[in-house]
Amino acid sequence: MQVSVRDNNVDQALKALKKKLQREGVFREMKLRSHFEKPSEKRAREKAEAVRRSRKLARKRAQREGLLAKKPRR
C-alpha cells in the first residue's frame, strides 16, 4: 500500500493511509488476531456477520423499492 506525501503534508498523508487501511479491514484483522479464537467461535462470528450483511442488503433493497421509509440523517 502506498500513499504519496504532497507539499510535506504528512498529516494529510497519514489520514489517507489510515482511511485505506480501514477500507481494507486491516484494523479489524489485527484486532481479531490479537487473541486466539476457537474454530467454533469463528464460525459463529462469521455466520452472524453474514446474517447482518444480508439483513442490511435486504433493508437497502426495500428502501430502494419504496417499501420502507429511509432513515433520517442526523
# chains A, B, ... in the order shown; residues from 1 in each chain; ligands from 1
>>> select_by_dssp(residues="chain A", states="alpha helix (DSSP H)", output="ChimeraX atom specification")
/A:10-24,26-33,39-65
>>> residues_around(residues="Lys60 of chain A", least_positions_apart="6", cutoff="12 Å", atoms="only C-alpha atoms", output="VMD selection string")
chain A and resid 53 to 54 66 to 71
>>> closest_residue(among="A:Ala62, A:Leu14, A:Met1, A:Leu57", to="Val26 of chain A", atoms="only C-alpha atoms")
A:Met1
>>> atom_distance(atom1="atom CA of Arg74 of chain A", atom2="atom CA of Arg55 of chain A")
22.0 Å
>>> atom_distance(atom1="atom CA of Ser34 of chain A", atom2="atom CA of Leu21 of chain A")
17.0 Å
>>> atom_distance(atom1="atom CA of Lys20 of chain A", atom2="atom CA of Gln2 of chain A")
9.4 Å
>>> closest_residue(among="A:Arg64, A:Val3, A:Phe27, A:Arg52", to="Lys15 of chain A", atoms="only C-alpha atoms")
A:Val3
